[in-house]
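What follows is work12.pdb (PDB, C-alpha atoms and all ligand atoms).
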```
ATOM      1  CA  MET A 944      48.360 -98.182  70.993
ATOM      2  CA  ASN A 945      45.334 -99.154  73.033
ATOM      3  CA  GLU A 946      41.955-100.293  71.727
ATOM      4  CA  ASN A 947      40.298 -96.855  72.068
ATOM      5  CA  THR A 948      43.045 -94.991  70.241
ATOM      6  CA  GLN A 949      42.899 -97.532  67.443
ATOM      7  CA  GLN A 950      39.149 -97.152  67.113
ATOM      8  CA  SER A 951      39.303 -93.379  67.038
ATOM      9  CA  ASN A 952      41.951 -93.461  64.285
ATOM     10  CA  LEU A 953      39.655 -95.686  62.260
ATOM     11  CA  GLU A 954      36.740 -93.329  62.884
ATOM     12  CA  ALA A 955      38.749 -90.221  61.961
ATOM     13  CA  LYS A 956      39.897 -91.849  58.715
ATOM     14  CA  ALA A 957      36.368 -92.955  57.783
ATOM     15  CA  ARG A 958      35.018 -89.423  58.353
ATOM     16  CA  GLN A 959      37.919 -87.894  56.423
ATOM     17  CA  TRP A 960      37.428 -90.200  53.417
ATOM     18  CA  LEU A 961      33.699 -89.439  53.239
ATOM     19  CA  GLU A 962      34.528 -85.735  53.151
ATOM     20  CA  GLU A 963      37.249 -86.261  50.506
ATOM     21  CA  ARG A 964      34.719 -88.093  48.309
ATOM     22  CA  GLY A 965      32.377 -85.110  48.516
ATOM     23  CA  VAL A 966      29.890 -86.446  51.077
ATOM     24  CA  SER A 967      29.180 -84.232  54.095
ATOM     25  CA  LEU A 968      27.347 -85.350  57.232
ATOM     26  CA  ASN A 969      24.765 -82.753  56.325
ATOM     27  CA  ASP A 970      24.151 -84.480  52.968
ATOM     28  CA  ILE A 971      23.438 -87.737  54.826
ATOM     29  CA  ALA A 972      21.298 -85.944  57.445
ATOM     30  CA  GLU A 973      19.156 -84.596  54.577
ATOM     31  CA  LEU A 974      18.478 -88.196  53.490
ATOM     32  CA  VAL A 975      17.430 -89.063  57.048
ATOM     33  CA  TYR A 976      15.077 -86.084  57.026
ATOM     34  CA  TYR A 977      13.680 -87.261  53.674
ATOM     35  CA  LEU A 978      13.015 -90.723  55.132
ATOM     36  CA  GLN A 979      11.643 -89.670  58.525
ATOM     37  CA  ALA A 980       9.928 -86.275  58.206
ATOM     38  CA  ASN A 981       6.494 -87.868  57.659
ATOM     39  CA  TYR A 982       6.777 -89.999  60.787
ATOM     40  CA  HIS A 983       8.069 -87.496  63.354
ATOM     41  CA  GLU A 984       6.272 -84.285  64.105
ATOM     42  CA  ASP A 985       8.586 -81.260  64.055
ATOM     43  CA  LEU A 986      11.616 -83.302  63.048
ATOM     44  CA  LYS A 987      14.698 -81.062  63.136
ATOM     45  CA  MET A 988      17.774 -81.332  60.914
ATOM     46  CA  GLU A 989      19.940 -81.268  64.076
ATOM     47  CA  GLU A 990      18.273 -84.465  65.232
ATOM     48  CA  CYS A 991      18.982 -86.128  61.874
ATOM     49  CA  LEU A 992      22.580 -84.926  61.998
ATOM     50  CA  TYR A 993      23.010 -86.232  65.556
ATOM     51  CA  ASN A 994      21.834 -89.707  64.552
ATOM     52  CA  VAL A 995      24.149 -89.795  61.510
ATOM     53  CA  ASP A 996      27.010 -88.829  63.799
ATOM     54  CA  ARG A 997      26.190 -91.683  66.213
ATOM     55  CA  VAL A 998      26.069 -94.234  63.374
ATOM     56  CA  LEU A 999      29.586 -93.183  62.350
ATOM     57  CA  THR A1000      30.951 -94.176  65.778
ATOM     58  CA  LYS A1001      30.264 -97.864  64.985
ATOM     59  CA  ARG A1002      33.274 -99.916  63.980
ATOM     60  CA  GLU A1003      31.477-102.010  61.351
ATOM     61  CA  VAL A1004      30.257 -98.798  59.716
ATOM     62  CA  GLN A1005      33.768 -97.335  59.643
ATOM     63  CA  ASN A1006      35.170-100.531  58.120
ATOM     64  CA  ALA A1007      32.468-100.608  55.449
ATOM     65  CA  ILE A1008      33.208 -96.966  54.537
ATOM     66  CA  LEU A1009      36.961 -97.563  54.210
ATOM     67  CA  THR A1010      36.576-100.811  52.245
ATOM     68  CA  GLY A1011      34.048 -99.362  49.821
ATOM     69  CA  ILE A1012      35.833 -96.073  49.197
ATOM     70  CA  GLN A1013      39.162 -97.859  48.716
ATOM     71  CA  LEU A1014      37.663-100.032  45.966
ATOM     72  CA  ASP A1015      35.953 -97.024  44.337
ATOM     73  CA  ARG A1016      39.257 -95.138  44.290
ATOM     74  CA  LEU A1017      41.215 -98.060  42.830
ATOM     75  CA  ALA A1018      38.571 -98.504  40.126
ATOM     76  CA  GLU A1019      38.678 -94.783  39.341
ATOM     77  CA  GLU A1020      42.459 -95.027  38.895
ATOM     78  CA  GLY A1021      42.124 -98.174  36.756
ATOM     79  CA  LYS A1022      44.198-100.179  39.249
ATOM     80  CA  LEU A1023      41.994-103.247  39.751
ATOM     81  CA  ASP A1024      42.587-106.477  37.878
ATOM     82  CA  SER A1025      40.185-107.663  35.210
ATOM     83  CA  PRO A1026      37.306-108.495  35.393
ATOM     84  CA  LEU A1027      36.745-106.533  38.646
ATOM     85  CA  GLN A1028      38.072-103.347  37.059
ATOM     86  CA  GLU A1029      35.374-103.373  34.378
ATOM     87  CA  THR A1030      32.624-104.624  36.733
ATOM     88  CA  ILE A1031      33.181-101.971  39.402
ATOM     89  CA  GLY A1032      34.238 -99.294  36.915
ATOM     90  CA  VAL A1033      30.908 -99.393  35.055
ATOM     91  CA  ASP A1034      28.848-100.170  38.200
ATOM     92  CA  GLU A1035      27.545-103.403  36.675
ATOM     93  CA  SER A1036      24.036-103.921  38.029
ATOM     94  CA  LEU A1037      24.334-107.684  38.651
ATOM     95  CA  TYR A1038      27.518-107.346  40.738
ATOM     96  CA  GLY A1039      25.672-106.850  44.043
ATOM     97  CA  ILE A1040      28.665-106.874  46.425
ATOM     98  CA  ASP A1041      28.283-103.106  46.939
ATOM     99  CA  GLU A1042      24.849-103.841  48.431
ATOM    100  CA  VAL A1043      26.229-106.683  50.567
ATOM    101  CA  ILE A1044      28.771-104.314  52.147
ATOM    102  CA  ALA A1045      25.984-101.764  52.702
ATOM    103  CA  PHE A1046      23.909-104.384  54.566
ATOM    104  CA  SER A1047      26.559-104.576  57.289
ATOM    105  CA  ILE A1048      25.650-100.943  58.028
ATOM    106  CA  VAL A1049      21.883-101.255  57.614
ATOM    107  CA  ASN A1050      21.871-104.035  60.202
ATOM    108  CA  VAL A1051      23.426-102.046  63.041
ATOM    109  CA  TYR A1052      20.145-100.722  64.464
ATOM    110  CA  GLY A1053      17.860-103.628  63.672
ATOM    111  CA  SER A1054      15.867-104.853  60.712
ATOM    112  CA  ILE A1055      13.681-101.764  60.091
ATOM    113  CA  GLY A1056      16.787-100.343  58.422
ATOM    114  CA  PHE A1057      16.213-102.690  55.464
ATOM    115  CA  THR A1058      12.926-101.032  54.529
ATOM    116  CA  ASN A1059      14.482 -97.579  54.676
ATOM    117  CA  TYR A1060      17.482 -98.715  52.646
ATOM    118  CA  GLY A1061      15.375-100.323  49.909
ATOM    119  CA  TYR A1062      13.197 -97.236  49.625
ATOM    120  CA  ILE A1063      15.978 -94.666  49.457
ATOM    121  CA  ASP A1064      17.971 -96.831  47.033
ATOM    122  CA  LYS A1065      15.004 -96.714  44.633
ATOM    123  CA  GLN A1066      14.215 -92.997  45.066
ATOM    124  CA  LYS A1067      17.832 -91.729  45.072
ATOM    125  CA  PRO A1068      17.158 -88.262  46.525
ATOM    126  CA  GLY A1069      19.768 -85.557  47.206
ATOM    127  CA  ILE A1070      23.396 -86.675  47.389
ATOM    128  CA  LEU A1071      22.482 -90.163  46.065
ATOM    129  CA  LYS A1072      21.468 -88.633  42.744
ATOM    130  CA  ARG A1073      24.862 -86.945  42.428
ATOM    131  CA  LEU A1074      26.767 -90.117  43.399
ATOM    132  CA  ASN A1075      24.884 -91.999  40.684
ATOM    133  CA  ASP A1076      25.716 -89.482  37.972
ATOM    134  CA  LYS A1077      27.913 -91.521  35.632
ATOM    135  CA  SER A1078      28.964 -88.475  33.549
ATOM    136  CA  THR A1079      31.460 -87.168  36.135
ATOM    137  CA  GLY A1080      34.260 -89.698  35.547
ATOM    138  CA  GLU A1081      34.158 -90.509  39.266
ATOM    139  CA  CYS A1082      33.413 -94.005  40.525
ATOM    140  CA  HIS A1083      30.992 -94.322  43.458
ATOM    141  CA  THR A1084      29.857 -97.912  42.923
ATOM    142  CA  PHE A1085      30.274 -98.662  46.645
ATOM    143  CA  LEU A1086      29.828 -95.209  48.143
ATOM    144  CA  ASP A1087      26.245 -94.625  46.947
ATOM    145  CA  ASP A1088      25.089 -97.788  48.750
ATOM    146  CA  ILE A1089      27.141 -96.969  51.831
ATOM    147  CA  VAL A1090      25.701 -93.454  52.088
ATOM    148  CA  GLY A1091      22.139 -94.782  51.623
ATOM    149  CA  ALA A1092      22.833 -97.400  54.287
ATOM    150  CA  ILE A1093      24.169 -94.844  56.794
ATOM    151  CA  ALA A1094      21.004 -92.776  56.257
ATOM    152  CA  ALA A1095      18.834 -95.881  56.701
ATOM    153  CA  ALA A1096      20.655 -96.898  59.894
ATOM    154  CA  ALA A1097      20.416 -93.345  61.278
ATOM    155  CA  SER A1098      16.679 -93.373  60.508
ATOM    156  CA  SER A1099      16.296 -96.644  62.431
ATOM    157  CA  ARG A1100      18.247 -95.197  65.334
ATOM    158  CA  LEU A1101      16.013 -92.126  65.332
ATOM    159  CA  ALA A1102      12.888 -94.307  65.303
ATOM    160  CA  HIS A1103      14.164 -96.469  68.172
ATOM    161  CA  ALA A1104      15.260 -93.417  70.168
ATOM    162  CA  THR A1105      11.801 -91.859  69.715
ATOM    163  CA  ALA A1106      10.256 -95.083  71.033
ATOM    164  CA  ASP A1107      12.753 -94.953  73.923
ATOM    165  CA  ASP A1108      13.931 -98.383  72.891
ATOM    166  CA  ALA A1109      16.519-100.321  74.900
ATOM    167  CA  LEU A1110      18.151-101.334  71.582
ATOM    168  CA  ILE A1111      20.040 -98.034  71.576
ATOM    169  CA  ASP A1112      23.268 -98.985  73.256
ATOM    170  CA  ASP A1113      25.308 -95.841  72.628
TER     171      ASP A1113
HETATM  172 MG    MG B1201      26.247 -99.221  44.054
END
```
Any chance you could put this one into structure tokens?
Amino acid sequence: MNENTQQSNLEAKARQWLEERGVSLNDIAELVYYLQANYHEDLKMEECLYNVDRVLTKREVQNAILTGIQLDRLAEEGKLDSPLQETIGVDESLYGIDEVIAFSIVNVYGSIGFTNYGYIDKQKPGILKRLNDKSTGECHTFLDDIVGAIAAAASSRLAHATADDALIDD
């Protein structure tokens, strides 16, 4: 198996797992729209969706998605050892490793992603509100941060692309 085939398997799996956990690309594109609509005249949903799609082609993003969702699933099934099971299962606020994994995504398109991430993490619009609903019996301790981070990175990409920035390497 060559390098490209390996990467595309990773990408396919990351996209599939997002879908299986109830997160569509459109849900993430709506977060990008929420973050960017005030800064771009006539911003279209297609443009937001395109930037989310580009972020998902990055290997570090795919790895963060798979790592986070795997831990969420194991916690949901009660399969982690103590004390991680309790910590991740109740989304303990001082844990913080969910945010650390999200930062590997936020970073991909430069530091303006941090501002977007911090803001959306506080506001929790759209899909983030649902992922934070603790009454469902589902565990999204990692996924809520990952989804916010993908939206933040896509917003940074959109901003750089609008400025015709050489930082955009894909
Ligand atoms: Mg979290």
Matched chain/residue IDs from the PyMOL selection byres (((not hetatm)) within 8 of (chain B and resi 1201)), as an NGL selection string:
:A and (1034 or 1036 or 1039 or 1041-1042 or 1083-1088)
Report, in Å with one decimal, the straight-line distance from CA of His983 (chain A) to CA of Asn1075 (chain A).
28.6 Å
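Shortest separation to Ala1092 (chain A) among A:Leu1023, A:Ile1012, A:Val1049, A:Ile1070 occurs at residue A:Val1049, atoms counted being all atoms listed in the file.
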Write out as a ChimeraX atom specification the residues lying within 10 Å of Ala1094 (chain A), counting all atoms listed in the file and excluding same-chain residues fewer than 5 positions away.
/A:968,970-978,991-992,994-995,998,1048-1049,1056,1059-1060,1063,1088-1089,1099-1100
Please enumerate the residues selected by the PyMOL selection byres (((chain A and resi 999) around 10) and not hetatm) when evaluated against the supplied file, formatted as a list in words.
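On the file shown, the PyMOL selection byres (((chain A and resi 999) around 10) and not hetatm) covers Glu954, Ala955, Ala957, Arg958, Leu968, Asn994, Val995, Asp996, Arg997, Val998, Thr1000, Lys1001, Arg1002, Glu1003, Val1004, Gln1005, Ile1008, Ile1048, Ile1093, Ala1096 and Ala1097 of chain A.
In terms of minimum interatomic distance to Glu1020 (chain A), A:Glu1081 ranks closest within A:Ala1045, A:Tyr1052, A:Glu1081, A:Leu986, counting only C-alpha atoms.
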So, with all atoms listed in the file as the atoms that count, which of A:Leu1017, A:Ile1031, A:Asp1107, A:Ala1102 lies closest to Ala980 (chain A)?
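Under the stated criterion, the closest residue is A:Ala1102.
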